[in-house]
Number of protein chains: 4
Amino acid sequence: MNETTFYHSTPIQIRFNDIDGLGHVNNSTIQEYFDLGRMHYMQDVLSGQIFKGDETLIVANINTDFLSPIYLKNKMEVKTAITRLGTKSLNMVQQVINSDSKEVKAICKSVMVAFHKINENAIELKAEWREAISKHEKTTF
Amino acid sequence: MNETTFYHSTPIQIRFNDIDGLGHVNNSTIQEYFDLGRMHYMQDVLSGQIFKGDETLIVANINTDFLSPIYLKNKMEVKTAITRLGTKSLNMVQQVINSDSKEVKAICKSVMVAFHKINENAIELKAEWREAISKHEKTTF
Amino acid sequence: MNETTFYHSTPIQIRFNDIDGLGHVNNSTIQEYFDLGRMHYMQDVLSGQIFKGDETLIVANINTDFLSPIYLKNKMEVKTAITRLGTKSLNMVQQVINSDSKEVKAICKSVMVAFHKINENAIELKAEWREAISKHEKTTF
Amino acid sequence: MNETTFYHSTPIQIRFNDIDGLGHVNNSTIQEYFDLGRMHYMQDVLSGQIFKGDETLIVANINTDFLSPIYLKNKMEVKTAITRLGTKSLNMVQQVINSDSKEVKAICKSVMVAFHKINENAIELKAEWREAISKHEKTTF
C-alpha cells in the first residue's frame, strides 16, 4: 500500500478539559480533532462551499486507531487527505501527529457521503468539488 | 435571606470525559450540568414552549460558586428554581448536589432574558410562562 | 454473520450542547455515548475492577457507522456486548438506538487491549475478567 | 471604575461542535474559552509553575455576562488580566472578543484561590507568583 501524502495540516489548540481522568486527551476529543481537520480542509480546499447551500458532505463511517496518548503539553496538528473520490462518496485519511517529534498519535480513515439536506438523500459529488479536491491532492483519482 | 425551596430536580448522568486532568468534573462541565437542569425545567414546567416558536429565554448572566470537587463515582443531581420574575427577565438559582450526602457542590445564580429570535431583541415574559412558573414555584412573585 | 445479542444497555441523558450546528447530536458526542456504555459495562460486569489497580483496558481501535441523525428530543440508549476474547485483546460491539422506535442510529465496533498502566505495555486479559465477561455474555468464547 | 488593561491574549480555535443547536457557540463552551485563556496566562506569566508541585490555583467563583452570540466563522480571542492579589486569593477579568471587530462577546470575572493539593486547604499566594503577576500586569497591587 502506498503512503498517503498530506498537503493539508491544521494545528490543534488543546484545551484544559480535553484531558480526561487518565491524564491524556480523551478518545472522543481526538475525534473532535479529526473533525477540526476535516472542517478546515473543507474551508480551505472547497472554499467552504459545503457549509452553504443544500448540498453537503456528511460522515458515514470512521475507523480510528489510537496509537499513543496525547498530553496537555504536546504541540499537535491534524493532517488530512482525500484518497479516493467515488460517485457519491469519498475516502479521507487523517493523522493526529506531534508537530515536534512527528510521532503519529492516531489515524482516522473516514467515508464521507454527498448529501442533500432538504431531500435527505445521497447525491453525486459535485463537479466543482471533484475538481478542487483533485487539484489540491495533485491527482486525477 | 430566605432559603430557596427547590421543586425541580434532574439526576445527572456523569460521562467519563466529564473528568479533567485534575481527577474531578471540569468547571465548564459543571456549567453543562446547570444547562441540563435549566433545559429540563423549561421542558417540564413550561411544557417545552420556549423551544418552539420565535419567543425564547436566553442566559444573560451566570454567577457560579464552585464549592467542592465532583468525582466520577458520585451520584449527582441538579436542583433548579426560579426566584424572581421581572418584566423582561427572570432570576434562577441552581445547585448541583450529591444525591447521597446532600452536599452542595456548586451553586449557580443566573439571569435569563426573554428574547425574540427573529427580531433579536428583548421582549416581555409571556403571560403563560409567568402563570406556569408561578404555579410550579407555589408563589405569585 | 450471527446477530449480536445484547445483555447490557445504558440509557443516555442527552445534554443541550450535544446538539451541533446541524441540529443533531454531533458525531464526536456519539462517541461519548459509546464511551458511556463502555464505562457502565465495565462497572456492572467487571464490578469496576479495571478502574482500580494498574491493570486496565484501553481502546485501541473504533469503527463507527453513523446511520441516522439523533435529535434532542429522542430517548436514546447504548447497547454493549463483548463478542470475542483474545489473549491480550477483546472485541466489543455497541449500538446507539432510539428506545422508542428501536431504530439503530449508530454502530461502533471496537478493539480493547489489556494494558499495564505503570509498565505501559500490553498484558494478558486477567482470568477474573474472562470469567465475568463469559458469564455475562452467556458464552465461553 | 477604571477600565482593565489587558497584557495577555490567546487566540481561540473554534471547533465545529462548539456550535450548539441555536447556531452559535454554546455558553458552557464559552466557559472553556475562558479556561483556555486562564491556562495560557498561567503558562506564560507563571511559567506553568502552578501545573507542577502541590501548590496550585483553583477557580472558586465565576461571574459571566453573555453579551452577544459567537458564530463558527468569527475570529475570536480571549483577553486575560489579574486585577487584584489578596492574601490567599486573586481576581481575574477576562473578555472574549471578536479579533476583527473588537466587539466584546462575553466578560468573565473570576476569583481564584491558592490551594494545596495534598492538604486540600487554602494557602497563601506564593511570593514568586505575586512577583511574576505584578511584573506582567505592570502594577504593584
# chains A, B, ... in the order shown; residues from 1 in each chain; ligands from 1
$ interface_residues --of "chain B" --to "chain A" --cutoff "8 Å" --atoms "only C-alpha atoms" --output "list in words"
Phe16, Asn17, Asp18, Ile19, Asp20, Gly21, Leu22, Gly23, His24 and Asn26 of chain B
$ write_last_selection --atoms "C-alpha atoms" --output "PDB file, in the first residue's frame"
ATOM      1  CA  PHE B  16     -16.168   9.505  31.560  1.00  0.00           C
ATOM      2  CA  ASN B  17     -14.756  12.567  29.841  1.00  0.00           C
ATOM      3  CA  ASP B  18     -16.508  14.955  32.233  1.00  0.00           C
ATOM      4  CA  ILE B  19     -13.483  14.304  34.426  1.00  0.00           C
ATOM      5  CA  ASP B  20     -10.491  16.504  33.629  1.00  0.00           C
ATOM      6  CA  GLY B  21      -6.781  16.136  34.295  1.00  0.00           C
ATOM      7  CA  LEU B  22      -7.257  17.084  37.951  1.00  0.00           C
ATOM      8  CA  GLY B  23      -9.368  13.960  38.507  1.00  0.00           C
ATOM      9  CA  HIS B  24     -12.701  15.697  39.028  1.00  0.00           C
ATOM     10  CA  ASN B  26     -14.271  20.113  34.963  1.00  0.00           C
TER      11      ASN B  26
END
$ residues_around --residues "A:Ala114" --least-positions-apart "5" --cutoff "7 Å" --atoms "only C-alpha atoms" --output "MDAnalysis selection string"
chainID A and resid 56:58 88:89 122:125
$ atom_distance --atom1 "atom CA of C:Asp65" --atom2 "atom CA of C:Ile107"
5.2 Å
$ select_by_dssp --residues "stretch 31-114 of chain B" --states "strand (DSSP E or B)" --output "compact mmCIF listing (two decimals) with C-alpha atoms, in the first residue's frame"
# COMPACT_ATOMS: atom_id res chain seq x y z
CA GLU B 55 -40.02 33.68 21.63
CA THR B 56 -37.48 32.10 23.93
CA LEU B 57 -35.37 32.65 27.03
CA ILE B 58 -31.62 33.17 26.83
CA VAL B 59 -28.99 33.27 29.55
CA ALA B 60 -27.58 36.76 30.07
CA ASN B 61 -25.50 36.23 33.21
CA ILE B 62 -24.29 33.34 35.35
CA ASN B 63 -22.63 33.57 38.74
CA THR B 64 -21.27 30.23 39.92
CA ASP B 65 -19.59 29.19 43.17
CA PHE B 66 -17.53 26.02 42.95
CA MET B 76 -25.34 13.80 41.42
CA GLU B 77 -28.42 15.87 40.67
CA VAL B 78 -29.10 19.48 39.74
CA LYS B 79 -31.87 21.38 41.55
CA THR B 80 -33.48 24.35 39.84
CA ALA B 81 -35.79 27.14 40.98
CA ILE B 82 -36.92 30.46 39.55
CA THR B 83 -36.83 33.02 42.34
CA ARG B 84 -37.92 36.23 40.63
CA LEU B 85 -39.95 37.24 37.58
CA SER B 89 -36.07 38.89 32.73
CA LEU B 90 -36.10 36.28 35.47
CA ASN B 91 -33.70 35.03 38.13
CA MET B 92 -32.83 31.37 38.53
CA VAL B 93 -31.00 29.61 41.34
CA GLN B 94 -29.50 26.16 40.93
CA GLN B 95 -27.49 23.72 42.99
CA VAL B 96 -25.50 20.70 41.93
CA ILE B 97 -25.69 18.35 44.88
CA ASN B 98 -24.55 14.88 45.82
CA VAL B 104 -23.90 21.13 47.72
CA LYS B 105 -21.02 21.05 45.24
CA ALA B 106 -21.77 24.15 43.17
CA ILE B 107 -24.32 26.96 43.15
CA CYS B 108 -25.33 28.92 40.06
CA LYS B 109 -27.39 32.09 40.06
CA SER B 110 -28.41 33.14 36.59
CA VAL B 111 -30.35 35.85 34.84
CA MET B 112 -32.41 34.83 31.83
CA VAL B 113 -33.92 37.28 29.37
CA ALA B 114 -36.99 36.81 27.18
$ atom_distance --atom1 "atom CA of C:Met39" --atom2 "atom CA of C:Lys102"
22.1 Å
$ select_by_dssp --residues "chain D" --states "alpha helix (DSSP H)" --output "ChimeraX atom specification"
/D:27-45,127-137
$ write_last_selection --atoms "C-alpha atoms" --output "CSV table (one decimal), in the first residue's frame"
chain,number,residue,atom,x,y,z
D,27,ASN,CA,-22.4,29.1,26.8
D,28,SER,CA,-20.6,26.3,28.5
D,29,THR,CA,-18.1,26.3,25.6
D,30,ILE,CA,-17.5,30.0,26.1
D,31,GLN,CA,-16.5,29.0,29.6
D,32,GLU,CA,-14.0,26.6,28.0
D,33,TYR,CA,-12.6,29.6,26.2
D,34,PHE,CA,-12.1,31.5,29.5
D,35,ASP,CA,-10.4,28.4,30.9
D,36,LEU,CA,-8.2,28.3,27.8
D,37,GLY,CA,-7.2,31.9,28.4
D,38,ARG,CA,-6.6,31.2,32.1
D,39,MET,CA,-4.4,28.2,31.3
D,40,HIS,CA,-2.3,30.1,28.8
D,41,TYR,CA,-1.9,33.1,31.2
D,42,MET,CA,-0.7,30.7,33.9
D,43,GLN,CA,1.7,29.0,31.5
D,44,ASP,CA,3.1,32.3,30.1
D,45,VAL,CA,3.1,34.6,33.1
D,127,ALA,CA,5.8,35.1,46.7
D,128,GLU,CA,7.1,34.2,43.2
D,129,TRP,CA,3.6,34.2,41.8
D,130,ARG,CA,2.9,37.7,43.3
D,131,GLU,CA,6.2,38.9,41.8
D,132,ALA,CA,5.6,37.4,38.3
D,133,ILE,CA,2.0,38.6,38.2
D,134,SER,CA,2.8,42.1,39.4
D,135,LYS,CA,5.6,42.4,36.8
D,136,HIS,CA,3.3,41.2,34.0
D,137,GLU,CA,0.4,43.5,35.0
$ atom_distance --atom1 "atom CA of C:Glu120" --atom2 "atom CA of D:Asp54"
25.1 Å
$ decode --residues "stretch 3-139 of chain C" --atoms "C-alpha atoms" --output "compact mmCIF listing (two decimals), in the first residue's frame"
# COMPACT_ATOMS: atom_id res chain seq x y z
CA GLU C 3 -26.66 -11.18 15.12
CA THR C 4 -25.19 -9.88 18.34
CA THR C 5 -27.31 -10.43 21.43
CA PHE C 6 -27.05 -7.51 23.87
CA TYR C 7 -27.36 -8.19 27.60
CA HIS C 8 -26.28 -4.70 28.65
CA SER C 9 -27.89 -1.35 27.97
CA THR C 10 -27.38 2.15 29.36
CA PRO C 11 -29.95 4.94 28.92
CA ILE C 12 -28.37 8.13 27.55
CA GLN C 13 -29.05 11.54 29.06
CA ILE C 14 -28.77 13.96 26.13
CA ARG C 15 -27.39 17.41 27.00
CA PHE C 16 -28.36 20.62 25.27
CA ASN C 17 -24.88 21.16 23.87
CA ASP C 18 -24.69 17.62 22.47
CA ILE C 19 -26.53 19.15 19.52
CA ASP C 20 -24.28 20.81 16.97
CA GLY C 21 -24.88 23.47 14.32
CA LEU C 22 -26.57 20.93 12.05
CA GLY C 23 -29.34 20.45 14.61
CA HIS C 24 -28.48 16.91 15.65
CA VAL C 25 -26.10 15.16 18.03
CA ASN C 26 -22.51 15.73 16.92
CA ASN C 27 -20.54 12.68 15.76
CA SER C 28 -17.86 13.10 18.42
CA THR C 29 -20.62 13.28 21.05
CA ILE C 30 -21.99 9.97 19.74
CA GLN C 31 -18.51 8.64 20.51
CA GLU C 32 -19.01 9.90 24.09
CA TYR C 33 -22.21 7.86 24.21
CA PHE C 34 -20.30 4.74 23.22
CA ASP C 35 -17.71 5.56 25.92
CA LEU C 36 -20.54 5.93 28.40
CA GLY C 37 -21.88 2.49 27.54
CA ARG C 38 -18.37 1.05 27.74
CA MET C 39 -17.82 2.56 31.19
CA HIS C 40 -21.11 1.27 32.56
CA TYR C 41 -20.46 -2.19 31.12
CA MET C 42 -17.09 -2.27 32.87
CA GLN C 43 -18.60 -1.08 36.14
CA ASP C 44 -21.53 -3.50 36.00
CA VAL C 45 -19.94 -6.62 34.53
CA LEU C 46 -16.41 -6.28 35.90
CA SER C 47 -17.50 -4.61 39.17
CA GLY C 48 -15.40 -1.63 38.19
CA GLN C 49 -12.19 -3.70 38.55
CA ILE C 50 -10.49 -2.02 35.60
CA PHE C 51 -10.79 1.40 37.22
CA LYS C 52 -8.69 0.29 40.19
CA GLY C 53 -5.17 -1.11 40.24
CA ASP C 54 -2.58 -0.93 37.48
CA GLU C 55 -4.18 -3.34 35.03
CA THR C 56 -6.81 -1.82 32.80
CA LEU C 57 -8.37 -1.98 29.34
CA ILE C 58 -7.75 0.74 26.76
CA VAL C 59 -9.40 1.36 23.41
CA ALA C 60 -7.06 0.62 20.50
CA ASN C 61 -9.48 0.92 17.57
CA ILE C 62 -13.01 2.08 16.92
CA ASN C 63 -15.02 1.60 13.74
CA THR C 64 -18.28 3.55 13.76
CA ASP C 65 -21.14 3.70 11.27
CA PHE C 66 -23.35 6.78 11.55
CA LEU C 67 -26.68 5.63 10.18
CA SER C 68 -29.18 8.33 11.03
CA PRO C 69 -29.24 11.63 12.95
CA ILE C 70 -30.14 11.85 16.65
CA TYR C 71 -32.21 14.79 17.89
CA LEU C 72 -32.52 16.48 21.27
CA LYS C 73 -35.94 15.02 21.94
CA ASN C 74 -35.04 11.42 21.19
CA LYS C 75 -34.99 8.91 24.04
CA MET C 76 -31.78 7.02 23.44
CA GLU C 77 -29.80 4.14 24.90
CA VAL C 78 -26.49 2.47 24.15
CA LYS C 79 -26.31 -1.32 24.00
CA THR C 80 -22.97 -3.03 24.62
CA ALA C 81 -21.68 -6.56 24.12
CA ILE C 82 -18.26 -8.19 24.10
CA THR C 83 -18.13 -10.62 21.19
CA ARG C 84 -14.62 -12.02 21.36
CA LEU C 85 -11.93 -12.53 23.98
CA GLY C 86 -8.39 -12.89 22.65
CA THR C 87 -5.24 -13.33 24.68
CA LYS C 88 -4.47 -9.66 25.20
CA SER C 89 -7.41 -8.00 23.48
CA LEU C 90 -11.18 -8.18 23.16
CA ASN C 91 -13.80 -7.12 20.64
CA MET C 92 -16.79 -5.02 21.60
CA VAL C 93 -19.92 -4.21 19.60
CA GLN C 94 -22.23 -1.34 20.51
CA GLN C 95 -25.37 0.24 19.16
CA VAL C 96 -26.90 3.60 19.93
CA ILE C 97 -30.63 3.08 19.46
CA ASN C 98 -33.83 5.02 19.84
CA SER C 99 -35.52 3.42 22.85
CA ASP C 100 -38.98 4.10 21.47
CA SER C 101 -38.67 3.17 17.80
CA LYS C 102 -35.74 0.74 18.31
CA GLU C 103 -34.09 2.34 15.28
CA VAL C 104 -30.32 1.84 15.30
CA LYS C 105 -28.69 5.25 14.90
CA ALA C 106 -25.01 4.31 15.10
CA ILE C 107 -22.93 1.14 15.44
CA CYS C 108 -19.46 1.00 16.96
CA LYS C 109 -17.12 -1.97 16.79
CA SER C 110 -14.08 -1.52 18.98
CA VAL C 111 -10.94 -3.36 19.98
CA MET C 112 -9.79 -3.01 23.56
CA VAL C 113 -6.37 -4.06 24.80
CA ALA C 114 -5.35 -5.09 28.32
CA PHE C 115 -2.71 -2.67 29.48
CA HIS C 116 -0.42 -2.19 32.46
CA LYS C 117 -0.52 1.48 33.45
CA ILE C 118 2.92 1.61 35.06
CA ASN C 119 4.86 -0.65 32.72
CA GLU C 120 2.93 0.81 29.77
CA ASN C 121 2.73 -2.43 27.86
CA ALA C 122 0.05 -4.86 26.73
CA ILE C 123 -0.72 -7.66 29.13
CA GLU C 124 -2.89 -10.78 29.07
CA LEU C 125 -6.56 -10.43 29.92
CA LYS C 126 -6.95 -11.31 33.58
CA ALA C 127 -8.65 -14.61 34.41
CA GLU C 128 -11.34 -12.91 36.53
CA TRP C 129 -12.19 -10.57 33.66
CA ARG C 130 -12.56 -13.52 31.27
CA GLU C 131 -14.78 -15.29 33.74
CA ALA C 132 -17.03 -12.32 34.48
CA ILE C 133 -17.40 -11.40 30.81
CA SER C 134 -18.10 -15.00 29.74
CA LYS C 135 -20.74 -15.34 32.43
CA HIS C 136 -22.40 -12.06 31.47
CA GLU C 137 -22.37 -12.81 27.74
CA LYS C 138 -23.61 -16.37 28.36
CA THR C 139 -20.88 -17.89 26.23
